[in-house]
$ cat entry_6.txt   # compact mmCIF, C-alpha atoms and all ligand atoms
# COMPACT_ATOMS: atom_id res chain seq x y z
CA MET A 1 -19.82 77.02 -20.13
CA THR A 2 -21.12 77.67 -23.60
CA VAL A 3 -23.99 80.01 -24.11
CA THR A 4 -26.63 78.36 -26.24
CA THR A 5 -29.50 80.74 -26.78
CA GLY A 6 -28.32 84.31 -27.01
CA THR A 7 -28.43 84.71 -23.28
CA GLN A 8 -26.95 87.70 -21.53
CA ARG A 9 -25.28 85.54 -18.94
CA GLN A 10 -22.02 86.89 -17.72
CA PRO A 11 -19.29 84.35 -17.02
CA GLU A 12 -18.60 84.01 -13.34
CA PRO A 13 -15.35 85.81 -12.55
CA GLY A 14 -12.57 83.33 -11.86
CA PRO A 15 -11.38 83.00 -8.30
CA GLY A 16 -8.73 85.39 -7.16
CA PRO A 17 -5.25 84.15 -6.41
CA GLY A 18 -6.29 83.13 -2.90
CA PRO A 19 -4.65 84.32 0.27
CA GLY A 20 -1.20 84.60 -1.18
CA GLN A 21 -0.63 80.86 -1.23
CA HIS A 22 -1.17 79.97 -4.83
CA THR A 23 -2.35 81.22 -8.18
CA GLU A 24 -4.62 79.68 -10.79
CA ALA A 25 -1.59 78.76 -12.83
CA GLU A 26 -0.57 76.37 -10.05
CA GLY A 27 -3.46 74.04 -10.84
CA ARG A 28 -6.31 74.90 -8.57
CA THR A 29 -9.86 73.67 -8.89
CA ALA A 30 -10.69 76.18 -11.55
CA ASN A 31 -8.09 74.87 -13.98
CA ARG A 32 -9.05 71.23 -14.25
CA ALA A 33 -11.69 69.67 -16.42
CA ALA A 34 -12.20 66.15 -17.68
CA GLY A 35 -14.57 64.83 -20.30
CA LEU A 36 -17.13 62.26 -19.18
CA ARG A 37 -18.80 59.64 -21.35
CA ALA A 38 -21.39 57.14 -20.23
CA LEU A 39 -21.87 54.37 -22.75
CA LYS A 40 -24.98 52.21 -22.35
CA VAL A 41 -24.71 52.38 -18.57
CA SER A 42 -27.20 50.20 -16.71
CA TYR A 43 -27.63 49.50 -13.04
CA GLY A 44 -29.88 46.65 -11.97
CA VAL A 45 -31.13 45.26 -8.68
CA GLY A 46 -33.00 42.13 -7.68
CA GLU A 47 -32.60 38.66 -9.12
CA ARG A 48 -29.65 38.67 -11.51
CA ALA A 49 -29.81 42.48 -11.38
CA ARG A 50 -32.61 42.27 -13.92
CA HIS A 51 -34.68 45.15 -12.59
CA LEU A 52 -32.94 48.09 -14.14
CA LEU A 53 -33.03 51.36 -12.25
CA VAL A 54 -30.75 52.86 -14.89
CA ASP A 55 -31.23 51.42 -18.32
CA GLY A 56 -28.71 51.85 -21.13
CA VAL A 57 -27.86 55.49 -20.48
CA ASP A 58 -25.64 57.30 -22.95
CA LEU A 59 -24.44 60.67 -21.74
CA GLU A 60 -21.62 62.96 -22.67
CA ALA A 61 -20.07 65.95 -20.95
CA ALA A 62 -17.25 67.75 -22.74
CA PRO A 63 -14.53 69.20 -20.51
CA GLY A 64 -15.89 72.24 -18.72
CA GLU A 65 -19.52 71.68 -19.60
CA THR A 66 -22.36 71.84 -17.10
CA ILE A 67 -24.75 68.97 -17.69
CA GLY A 68 -28.19 68.65 -16.11
CA VAL A 69 -29.89 65.36 -15.36
CA VAL A 70 -33.61 65.88 -14.81
CA GLY A 71 -36.65 63.65 -14.59
CA PRO A 72 -39.55 62.79 -12.31
CA ASN A 73 -39.13 61.35 -8.81
CA GLY A 74 -37.80 57.82 -9.00
CA SER A 75 -36.61 58.13 -12.62
CA GLY A 76 -33.06 57.07 -11.72
CA LYS A 77 -31.12 60.33 -11.41
CA THR A 78 -29.47 59.54 -8.07
CA THR A 79 -28.68 55.98 -9.13
CA LEU A 80 -27.04 57.22 -12.33
CA LEU A 81 -25.02 59.86 -10.46
CA ARG A 82 -23.90 57.27 -7.90
CA CYS A 83 -22.57 55.16 -10.77
CA VAL A 84 -20.70 58.21 -12.06
CA TYR A 85 -19.09 59.09 -8.72
CA GLY A 86 -18.42 55.50 -7.90
CA THR A 87 -20.49 54.44 -4.90
CA LEU A 88 -22.30 52.05 -7.27
CA SER A 89 -20.73 49.98 -10.01
CA PRO A 90 -22.77 49.82 -13.20
CA THR A 91 -24.16 46.37 -13.97
CA SER A 92 -23.14 46.94 -17.58
CA GLY A 93 -21.84 49.69 -19.81
CA GLN A 94 -18.84 51.94 -19.47
CA LEU A 95 -17.98 55.21 -17.79
CA LEU A 96 -15.01 57.00 -19.28
CA LEU A 97 -13.19 59.95 -17.79
CA ASP A 98 -11.03 61.58 -20.42
CA GLY A 99 -11.31 58.28 -22.28
CA ARG A 100 -10.19 56.15 -19.30
CA ASP A 101 -12.44 53.49 -17.88
CA MET A 102 -13.39 54.72 -14.40
CA THR A 103 -13.95 51.21 -13.06
CA GLY A 104 -10.20 50.61 -13.46
CA MET A 105 -9.34 53.49 -11.12
CA SER A 106 -8.51 53.03 -7.46
CA THR A 107 -10.71 54.85 -4.96
CA LYS A 108 -7.96 57.36 -4.27
CA GLU A 109 -7.24 57.94 -7.92
CA ARG A 110 -10.91 58.53 -8.62
CA ALA A 111 -11.16 60.87 -5.64
CA ARG A 112 -8.34 62.99 -7.05
CA SER A 113 -10.45 63.68 -10.14
CA VAL A 114 -14.08 63.29 -9.14
CA ALA A 115 -15.83 65.05 -6.26
CA ALA A 116 -19.42 64.47 -5.32
CA VAL A 117 -22.05 66.25 -3.31
CA PRO A 118 -24.59 63.50 -2.63
CA GLN A 119 -28.22 64.21 -1.92
CA ASP A 120 -28.84 64.98 1.76
CA ALA A 121 -25.45 63.65 2.79
CA GLY A 122 -25.03 63.15 6.50
CA GLY A 123 -21.74 62.88 8.33
CA GLY A 124 -19.42 65.45 9.78
CA PHE A 125 -20.65 64.77 13.30
CA GLY A 126 -18.49 66.37 15.93
CA LEU A 127 -16.36 68.15 13.34
CA THR A 128 -16.17 71.86 12.81
CA VAL A 129 -16.94 73.15 9.34
CA GLN A 130 -13.26 73.95 8.82
CA GLN A 131 -12.25 70.39 9.75
CA ALA A 132 -14.97 68.84 7.58
CA VAL A 133 -13.99 70.90 4.55
CA ALA A 134 -10.28 70.17 5.12
CA MET A 135 -11.09 66.46 4.80
CA GLY A 136 -11.72 67.12 1.13
CA ARG A 137 -7.94 67.52 0.73
CA SER A 138 -7.23 63.92 1.78
CA PRO A 139 -7.09 62.37 -1.72
CA HIS A 140 -4.11 64.62 -2.40
CA LYS A 141 -2.16 63.66 0.72
CA ARG A 142 -0.50 60.67 2.33
CA PHE A 143 -2.36 59.47 5.40
CA TRP A 144 0.27 60.68 7.86
CA GLU A 145 0.49 64.17 6.37
CA GLY A 146 -1.08 66.98 8.36
CA ASP A 147 -2.67 70.08 6.92
CA THR A 148 -0.25 72.49 5.29
CA ALA A 149 -0.60 76.25 4.84
CA ARG A 150 -1.58 75.48 1.27
CA ASP A 151 -4.40 73.19 2.45
CA ALA A 152 -5.58 75.90 4.81
CA ALA A 153 -5.62 78.34 1.91
CA TYR A 154 -7.74 75.97 -0.18
CA VAL A 155 -10.19 75.63 2.70
CA ARG A 156 -10.36 79.37 3.28
CA GLU A 157 -11.01 80.02 -0.35
CA ALA A 158 -13.66 77.31 -0.69
CA LEU A 159 -15.47 78.67 2.35
CA GLU A 160 -15.35 82.13 0.86
CA ARG A 161 -16.66 80.98 -2.47
CA THR A 162 -19.59 79.14 -0.93
CA GLY A 163 -20.44 81.97 1.45
CA ALA A 164 -19.52 79.78 4.42
CA THR A 165 -16.61 81.70 5.96
CA GLU A 166 -18.73 82.75 8.91
CA LEU A 167 -19.50 79.09 9.61
CA ALA A 168 -15.86 77.94 9.86
CA GLU A 169 -15.82 77.36 13.62
CA ARG A 170 -19.37 76.00 13.88
CA ARG A 171 -20.05 72.29 14.31
CA VAL A 172 -21.38 70.65 11.16
CA ASP A 173 -24.12 68.82 13.06
CA GLU A 174 -25.52 72.14 14.27
CA LEU A 175 -25.96 73.68 10.84
CA SER A 176 -29.19 74.27 8.99
CA GLY A 177 -29.85 72.22 5.84
CA GLY A 178 -28.81 75.07 3.54
CA GLU A 179 -25.65 75.88 5.53
CA ARG A 180 -24.67 72.22 5.51
CA GLN A 181 -25.22 72.02 1.75
CA ARG A 182 -22.80 74.91 1.18
CA VAL A 183 -20.23 73.21 3.42
CA LEU A 184 -20.51 70.01 1.37
CA VAL A 185 -19.91 71.99 -1.79
CA ALA A 186 -16.88 73.66 -0.18
CA ARG A 187 -15.50 70.22 0.72
CA ALA A 188 -15.97 69.11 -2.89
CA LEU A 189 -14.16 72.21 -4.16
CA VAL A 190 -11.03 71.65 -2.07
CA GLN A 191 -10.80 68.21 -3.61
CA GLU A 192 -9.74 69.98 -6.86
CA PRO A 193 -12.07 67.91 -8.99
CA ALA A 194 -11.88 67.73 -12.76
CA LEU A 195 -15.43 66.37 -12.60
CA LEU A 196 -17.93 67.57 -10.03
CA VAL A 197 -21.11 65.57 -9.50
CA LEU A 198 -23.89 67.21 -7.52
CA ASP A 199 -27.17 65.54 -6.64
CA GLU A 200 -29.85 68.14 -6.10
CA PRO A 201 -27.33 70.75 -4.93
CA THR A 202 -30.00 73.40 -4.49
CA ASN A 203 -31.93 71.34 -1.92
CA HIS A 204 -32.46 73.41 1.23
CA LEU A 205 -30.99 76.53 -0.32
CA ASP A 206 -32.88 79.80 -0.40
CA VAL A 207 -33.27 81.43 -3.81
CA ARG A 208 -30.21 83.60 -3.48
CA TYR A 209 -27.93 80.68 -2.57
CA GLN A 210 -29.47 78.48 -5.27
CA TRP A 211 -28.48 81.06 -7.79
CA GLU A 212 -25.06 81.74 -6.31
CA LEU A 213 -24.20 78.08 -5.95
CA LEU A 214 -25.06 77.22 -9.53
CA ALA A 215 -23.24 80.32 -10.79
CA LEU A 216 -20.20 79.17 -8.80
CA VAL A 217 -20.38 75.63 -10.21
CA ASP A 218 -20.92 76.96 -13.69
CA GLY A 219 -17.95 79.31 -13.33
CA LEU A 220 -15.55 76.47 -12.51
CA ALA A 221 -13.45 75.03 -15.28
CA ALA A 222 -14.35 71.59 -13.92
CA THR A 223 -16.96 69.59 -15.79
CA SER A 224 -20.17 69.40 -13.76
CA VAL A 225 -23.01 66.92 -13.77
CA LEU A 226 -26.01 68.02 -11.75
CA ALA A 227 -29.29 66.36 -10.92
CA LEU A 228 -31.87 69.11 -10.68
CA HIS A 229 -35.60 69.34 -10.16
CA ASP A 230 -35.85 73.03 -10.94
CA LEU A 231 -36.11 73.08 -14.71
CA ASN A 232 -35.70 76.84 -14.93
CA LEU A 233 -32.37 76.67 -13.13
CA ALA A 234 -31.38 73.75 -15.37
CA ALA A 235 -32.39 75.76 -18.44
CA TYR A 236 -30.29 78.71 -17.39
CA PHE A 237 -27.16 77.01 -16.13
CA CYS A 238 -26.79 73.81 -18.14
CA ASP A 239 -25.17 73.44 -21.52
CA ARG A 240 -27.16 70.30 -22.10
CA ILE A 241 -29.94 68.52 -20.30
CA TYR A 242 -30.72 64.81 -20.21
CA VAL A 243 -34.24 63.78 -19.26
CA LEU A 244 -34.57 60.45 -17.49
CA ASP A 245 -37.80 58.52 -17.34
CA ALA A 246 -37.96 55.06 -15.79
CA GLY A 247 -34.16 54.83 -15.92
CA ARG A 248 -33.85 55.72 -19.60
CA VAL A 249 -32.76 58.89 -21.33
CA VAL A 250 -35.81 59.96 -23.28
CA LYS A 251 -34.44 63.28 -24.45
CA GLY A 252 -31.06 64.98 -24.40
CA GLY A 253 -29.67 68.18 -25.87
CA PRO A 254 -29.50 71.94 -25.35
CA PRO A 255 -32.16 73.26 -22.95
CA ALA A 256 -34.17 74.93 -25.71
CA GLU A 257 -34.52 71.62 -27.54
CA VAL A 258 -35.27 69.52 -24.49
CA LEU A 259 -37.58 71.69 -22.41
CA THR A 260 -40.69 71.63 -24.52
CA GLU A 261 -44.33 71.67 -23.52
CA GLU A 262 -44.71 68.21 -25.10
CA MET A 263 -41.87 66.75 -23.04
CA LEU A 264 -43.31 68.24 -19.83
CA ALA A 265 -46.72 66.73 -20.58
CA GLU A 266 -45.29 63.38 -21.67
CA VAL A 267 -42.66 62.83 -18.99
CA TYR A 268 -43.93 64.82 -16.01
CA GLY A 269 -47.64 64.84 -16.83
CA VAL A 270 -47.89 68.60 -16.33
CA ARG A 271 -49.29 71.41 -18.40
CA ALA A 272 -46.79 74.18 -18.90
CA GLU A 273 -45.89 77.07 -21.12
CA VAL A 274 -42.31 77.38 -22.28
CA SER A 275 -40.99 80.65 -23.67
CA VAL A 276 -37.64 82.30 -24.09
CA HIS A 277 -37.17 84.83 -21.34
CA PRO A 278 -36.29 88.21 -22.85
CA ALA A 279 -33.85 89.10 -20.05
CA THR A 280 -31.93 85.82 -19.87
CA GLY A 281 -32.41 84.30 -23.30
CA ALA A 282 -33.00 80.96 -21.59
CA PRO A 283 -36.13 78.85 -21.93
CA THR A 284 -38.48 79.52 -19.05
CA VAL A 285 -41.15 77.13 -17.86
CA VAL A 286 -44.40 78.37 -16.34
CA TYR A 287 -46.59 75.62 -14.90
CA LEU A 288 -50.33 75.84 -15.48
CA PRO A 289 -53.23 74.15 -13.74
CA PRO A 290 -53.79 70.80 -15.48
CA THR A 291 -56.69 70.32 -17.85
CA ALA A 292 -58.78 67.17 -17.55
CA ALA A 293 -57.04 65.80 -20.67
CA VAL A 294 -53.54 66.34 -19.26
CA ARG A 295 -54.59 64.82 -15.93
CA ALA A 296 -55.98 61.74 -17.68
CA LYS A 297 -52.84 61.39 -19.80
CA SER A 298 -50.68 61.68 -16.71
CA VAL A 299 -52.67 58.94 -14.94
CA ARG A 300 -52.33 56.67 -18.00
CA ALA A 301 -48.57 57.31 -18.24
CA GLU A 302 -48.17 56.63 -14.52
CA SER A 303 -49.95 53.27 -14.72
CA ALA A 304 -47.98 52.32 -17.86
CA ARG A 305 -44.77 53.03 -15.92
CA ALA A 306 -45.94 51.00 -12.94
CA GLU A 307 -46.88 48.05 -15.20
CA SER A 308 -43.59 48.22 -17.02
CA SER A 309 -41.60 48.33 -13.80
CA GLN A 310 -43.48 45.30 -12.44
CA ALA A 311 -43.01 43.40 -15.70
CA GLY A 312 -39.27 44.15 -15.74
CA PRO A 313 -37.23 46.10 -18.25
CA SER A 314 -37.60 43.69 -21.17
CA GLN A 315 -41.36 44.35 -21.17
CA ALA A 316 -41.05 48.12 -21.58
CA GLY A 317 -43.67 49.51 -23.89
CA PRO A 318 -43.19 51.61 -27.02
CA SER A 319 -43.55 54.91 -25.15
CA GLN A 320 -40.24 54.11 -23.45
CA ALA A 321 -38.10 54.21 -26.53
CA GLY A 322 -34.43 53.36 -26.00
CA PRO A 323 -31.94 56.18 -25.98
CA SER A 324 -30.72 55.56 -29.50
CA GLN A 325 -34.19 56.32 -30.82
CA ALA A 326 -35.13 59.14 -28.54
CA VAL A 327 -32.08 61.23 -27.74
CA HIS A 328 -31.87 64.38 -29.81
CA ARG A 329 -28.44 65.86 -29.75
N1 LIG A 401 -31.37 49.53 -3.81
C1 LIG A 401 -32.53 49.64 -4.44
N2 LIG A 401 -33.33 48.57 -4.63
C2 LIG A 401 -34.50 48.69 -5.28
N3 LIG A 401 -34.96 49.84 -5.79
C3 LIG A 401 -34.21 50.93 -5.61
C4 LIG A 401 -32.98 50.90 -4.94
N4 LIG A 401 -32.44 52.15 -4.94
C5 LIG A 401 -33.35 52.92 -5.57
N5 LIG A 401 -34.41 52.20 -5.96
C6 LIG A 401 -35.57 52.66 -6.76
O1 LIG A 401 -35.04 53.06 -8.01
C7 LIG A 401 -35.76 54.13 -8.53
C8 LIG A 401 -34.80 55.26 -8.89
O2 LIG A 401 -34.34 55.84 -7.68
P1 LIG A 401 -33.44 57.15 -7.71
O3 LIG A 401 -33.18 57.54 -6.29
O4 LIG A 401 -32.26 56.92 -8.57
O5 LIG A 401 -34.43 58.17 -8.42
P2 LIG A 401 -34.34 59.75 -8.54
O6 LIG A 401 -34.66 60.09 -9.95
O7 LIG A 401 -33.07 60.27 -8.01
O8 LIG A 401 -35.56 60.18 -7.59
P3 LIG A 401 -35.83 61.54 -6.76
O9 LIG A 401 -36.13 62.61 -7.78
O10 LIG A 401 -37.06 61.18 -5.99
O11 LIG A 401 -34.66 61.85 -5.90
C9 LIG A 401 -36.79 54.50 -7.49
O12 LIG A 401 -38.02 53.90 -7.85
C10 LIG A 401 -36.26 53.88 -6.20
O13 LIG A 401 -37.30 53.53 -5.33

$ encode --input "entry_6.txt" --output "structure tokens"
Amino acid sequence: MTVTTGTQRQPEPGPGPGPGQHTEAEGRTANRAAGLRALKVSYGVGERARHLLVDGVDLEAAPGETIGVVGPNGSGKTTLLRCVYGTLSPTSGQLLLDGRDMTGMSTKERARSVAAVPQDAGGGFGLTVQQAVAMGRSPHKRFWEGDTARDAAYVREALERTGATELAERRVDELSGGERQRVLVARALVQEPALLVLDEPTNHLDVRYQWELLALVDGLAATSVLALHDLNLAAYFCDRIYVLDAGRVVKGGPPAEVLTEEMLAEVYGVRAEVSVHPATGAPTVVYLPPTAAVRAKSVRAESARAESSQAGPSQAGPSQAGPSQAVHR
């Protein structure tokens, strides 16, 4: 994680050597990072996949960076992240992991490098938390191999790091939303990802766990790509932020460049004040009641979006400039 704005953030201490089973030097989660590049990635649905939910997205995450993907509801964040972690194949464009085309990787190979925490993921029915988290080790094993002491150590550590140790013997389907979210993150950690993709990871979490979870993710050596709605958390934890609107990146760069009052009015249709917080050094957004002018602008932008989405991507108006014009890096 690089500090961009004179913040007083302290790096998250690295994990300890675990319960005597391994050390960081042996290649645990914290030591792996891969660079990600999305080049003109599009994902389309409908006739000839012409309705683009993700439209020509360029995105870059250097090894170890924490990248935020933000944007209004329905702007394409989840669809983009699904392309990155492989449950969707882009209609066009390329996704490169350390320069290698990800579409050429087998499922298992991809799973050895990329872990995902999808939005509101279900599953885990009938399993205990410990069993569900241990399943994250499967990309690193042959199918007949049982859990080793080393696997158990990974699981123990991941549970510790996500504050889920107390939940180990509980059934996953009996957990609260926030408890379940921490378990999903623990399962992703034991996968030893070089790239971690998290879709709204702070969903269901109380403020303390939101903070702790993002600090944990940020403290990993792994590259992280996060979809977030909370712009203040994104401002604090992300090295760079990409703003999606109607499937396109309309702005990208360090939080201080991206999170402007103009962007918030233009993309989200909200009135806000952005200042640098004296204690954190990060941009901080305070939302204000909308004026009549902002409300009217927001209604106009909303109907322009609706028209453009009905007309199809080729009819997009000038306010939806392509990424090459609008991304500020
Ligand atoms: N399979 C599909 N077919 C048609 N439209 C889809 C499909 N999947 C998603 N969409 C639409 O694509 C748009 C982008 O959806 P996506 O879930 O990627 O947005 P998002 O930015 O993650 O939204 P949110 O912030 O609400 O989670 C939405 O308008 C959604 O309704």

$ closest_atom_pairs --input "entry_6.txt" --of "chain A" --to "ligand LIG 401 (chain A)" --cutoff "8 Å" --atoms "only C-alpha atoms and all ligand atoms" --output "Markdown table"
| residue | atom | partner | partner_atom | distance |
| --- | --- | --- | --- | --- |
| A:Val45 | CA | A:LIG401 | N2 | 5.7 |
| A:Gly46 | CA | A:LIG401 | N2 | 7.1 |
| A:Leu53 | CA | A:LIG401 | O1 | 5.0 |
| A:Val54 | CA | A:LIG401 | C8 | 7.6 |
| A:Val70 | CA | A:LIG401 | O6 | 7.6 |
| A:Gly71 | CA | A:LIG401 | O6 | 6.2 |
| A:Pro72 | CA | A:LIG401 | O9 | 5.7 |
| A:Asn73 | CA | A:LIG401 | O9 | 3.4 |
| A:Gly74 | CA | A:LIG401 | O5 | 3.4 |
| A:Ser75 | CA | A:LIG401 | O6 | 3.8 |
| A:Gly76 | CA | A:LIG401 | O4 | 3.3 |
| A:Lys77 | CA | A:LIG401 | O6 | 3.8 |
| A:Thr78 | CA | A:LIG401 | O7 | 3.7 |
| A:Thr79 | CA | A:LIG401 | O4 | 3.7 |
| A:Leu80 | CA | A:LIG401 | O4 | 6.4 |
| A:Gln119 | CA | A:LIG401 | O11 | 7.9 |
| A:Glu200 | CA | A:LIG401 | O11 | 7.9 |
| A:Ala227 | CA | A:LIG401 | O7 | 7.7 |
| A:His229 | CA | A:LIG401 | O9 | 7.2 |
| A:Leu244 | CA | A:LIG401 | O6 | 7.5 |
| A:Ala246 | CA | A:LIG401 | C8 | 7.6 |
| A:Gly247 | CA | A:LIG401 | C8 | 7.1 |

$ residues_around --input "entry_6.txt" --residues "Leu81 in chain A" --least-positions-apart "2" --cutoff "10 Å" --atoms "only C-alpha atoms" --output "mmCIF file with C-alpha atoms, in the coordinates of the input"
data_model
loop_
_atom_site.group_PDB
_atom_site.id
_atom_site.type_symbol
_atom_site.label_atom_id
_atom_site.label_comp_id
_atom_site.auth_asym_id
_atom_site.auth_seq_id
_atom_site.Cartn_x
_atom_site.Cartn_y
_atom_site.Cartn_z
ATOM 1 C CA VAL A 69 -29.890 65.360 -15.360
ATOM 2 C CA GLY A 76 -33.060 57.070 -11.720
ATOM 3 C CA LYS A 77 -31.120 60.330 -11.410
ATOM 4 C CA THR A 78 -29.470 59.540 -8.070
ATOM 5 C CA THR A 79 -28.680 55.980 -9.130
ATOM 6 C CA CYS A 83 -22.570 55.160 -10.770
ATOM 7 C CA VAL A 84 -20.700 58.210 -12.060
ATOM 8 C CA TYR A 85 -19.090 59.090 -8.720
ATOM 9 C CA GLY A 86 -18.420 55.500 -7.900
ATOM 10 C CA THR A 87 -20.490 54.440 -4.900
ATOM 11 C CA LEU A 88 -22.300 52.050 -7.270
ATOM 12 C CA ALA A 116 -19.420 64.470 -5.320
ATOM 13 C CA PRO A 118 -24.590 63.500 -2.630
ATOM 14 C CA VAL A 197 -21.110 65.570 -9.500
ATOM 15 C CA LEU A 198 -23.890 67.210 -7.520
ATOM 16 C CA ASP A 199 -27.170 65.540 -6.640
ATOM 17 C CA VAL A 225 -23.010 66.920 -13.770
ATOM 18 C CA LEU A 226 -26.010 68.020 -11.750
ATOM 19 C CA ALA A 227 -29.290 66.360 -10.920
#

$ atom_distance --input "entry_6.txt" --atom1 "CA of Ala221 in chain A" --atom2 "CA of Leu189 in chain A"
11.5 Å

$ residues_around --input "entry_6.txt" --residues "Leu97 in chain A" --least-positions-apart "3" --cutoff "10 Å" --atoms "only C-alpha atoms" --output "PyMOL selection string"
chain A and resi 33-38+61+63+84+94+100-103+110+113-114+194-195

$ write_last_selection --input "entry_6.txt" --atoms "C-alpha atoms" --output "JSON list (two decimals), in the coordinates of the input"
[["chain", "number", "residue", "atom", "x", "y", "z"],
["A", 33, "ALA", "CA", -11.69, 69.67, -16.42],
["A", 34, "ALA", "CA", -12.20, 66.15, -17.68],
["A", 35, "GLY", "CA", -14.57, 64.83, -20.30],
["A", 36, "LEU", "CA", -17.13, 62.26, -19.18],
["A", 37, "ARG", "CA", -18.80, 59.64, -21.35],
["A", 38, "ALA", "CA", -21.39, 57.14, -20.23],
["A", 61, "ALA", "CA", -20.07, 65.95, -20.95],
["A", 63, "PRO", "CA", -14.53, 69.20, -20.51],
["A", 84, "VAL", "CA", -20.70, 58.21, -12.06],
["A", 94, "GLN", "CA", -18.84, 51.94, -19.47],
["A", 100, "ARG", "CA", -10.19, 56.15, -19.30],
["A", 101, "ASP", "CA", -12.44, 53.49, -17.88],
["A", 102, "MET", "CA", -13.39, 54.72, -14.40],
["A", 103, "THR", "CA", -13.95, 51.21, -13.06],
["A", 110, "ARG", "CA", -10.91, 58.53, -8.62],
["A", 113, "SER", "CA", -10.45, 63.68, -10.14],
["A", 114, "VAL", "CA", -14.08, 63.29, -9.14],
["A", 194, "ALA", "CA", -11.88, 67.73, -12.76],
["A", 195, "LEU", "CA", -15.43, 66.37, -12.60]]

$ atom_distance --input "entry_6.txt" --atom1 "CA of Gly56 in chain A" --atom2 "CA of Ala265 in chain A"
23.4 Å

$ residues_near_point --input "entry_6.txt" --point "(-23.3, 67.8, 16.7)" --cutoff "10 Å" --atoms "only C-alpha atoms" --output "MDAnalysis selection string"
chainID A and resid 123:128 170:175

$ axis_aligned_box --input "entry_6.txt" --around "range 142-151 of chain A" --padding-each-side "6 Å" --output "lines of an AutoDock Vina configuration file"
center_x = -2.0
center_y = 67.9
center_z = 4.8
size_x = 16.9
size_y = 28.8
size_z = 19.1

$ closest_residue --input "entry_6.txt" --among "A:Leu213, A:Leu59, A:Ala152, A:Ala282" --to "Leu96 in chain A" --atoms "all atoms listed in the file"
A:Leu59
